[in-house]
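Participant: Below: one structure in structure tokens.
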Amino acid sequence: MNANTLWSLRLGFSNKQSSAIEKLGITSFVEQSFNSKIDSVLPAFLEDSPKLWKSLKQCDKI
């Protein structure tokens, strides 16, 4: 199996990223993946859900 494919899978990516790993090199690819912005917006379907374990336990939906 291609080493870039193996690295892609080991890092939790799909086989689609193996070409980027081959093109950039493993170090640059990992650095770029850490530099990507994280979306912290709460999805609409979770807006009314309990936020803490204590309130989740009190919820009658369980």
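Chain labels run A, B, ... following the order of the structure tokens; each chain numbers its residues from 1, and ligands are numbered from 1 in the order shown.
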List the spatial neighbours of Ala3 in chain A as a JSON list (two decimals) with C-alpha atoms, in the first residue's frame - criterion: any atom at most 12 Å away, only C-alpha atoms, same-chain residues fewer than 6 positions off excluded.

Facilitator:
[["chain", "number", "residue", "atom", "x", "y", "z"],
["A", 9, "LEU", "CA", -5.53, 6.85, 7.27],
["A", 10, "ARG", "CA", -3.34, 6.82, 10.41],
["A", 15, "ASN", "CA", -7.69, 8.31, 1.12],
["A", 18, "SER", "CA", -3.08, 11.08, 0.38],
["A", 19, "SER", "CA", -2.36, 13.13, -2.74],
["A", 21, "ILE", "CA", 0.35, 14.47, 1.71],
["A", 22, "GLU", "CA", 2.41, 13.38, -1.28],
["A", 25, "GLY", "CA", 4.98, 16.29, 2.55],
["A", 26, "ILE", "CA", 3.78, 14.92, 5.86]]

Participant: Can you work out the spacing between CA of Phe45 in chain A and CA of Gln58 in chain A in Å, to one decimal?

Facilitator: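 The value is 19.4 Å.
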
Participant: So which bits of chain A end up helix (DSSP H, G or I) when you DSSP the backbone, as a PyMOL selection string?

Facilitator: chain A and resi 3-10+15-24+26-35+44-46+53-58

Participant: Kindly give the distance, in Å, that separates CA of Ser36 in chain A and CA of Gly12 in chain A, rounded to a single decimal.

Facilitator: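 Straight-line distance from CA of Ser36 in chain A to CA of Gly12 in chain A works out to 15.3 Å.
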
Participant: Between A:Leu42, A:Met1, A:Asp48, A:Leu11, which one has atoms that come closest to Val30 in chain A, using only C-alpha atoms?

Facilitator: A:Leu11
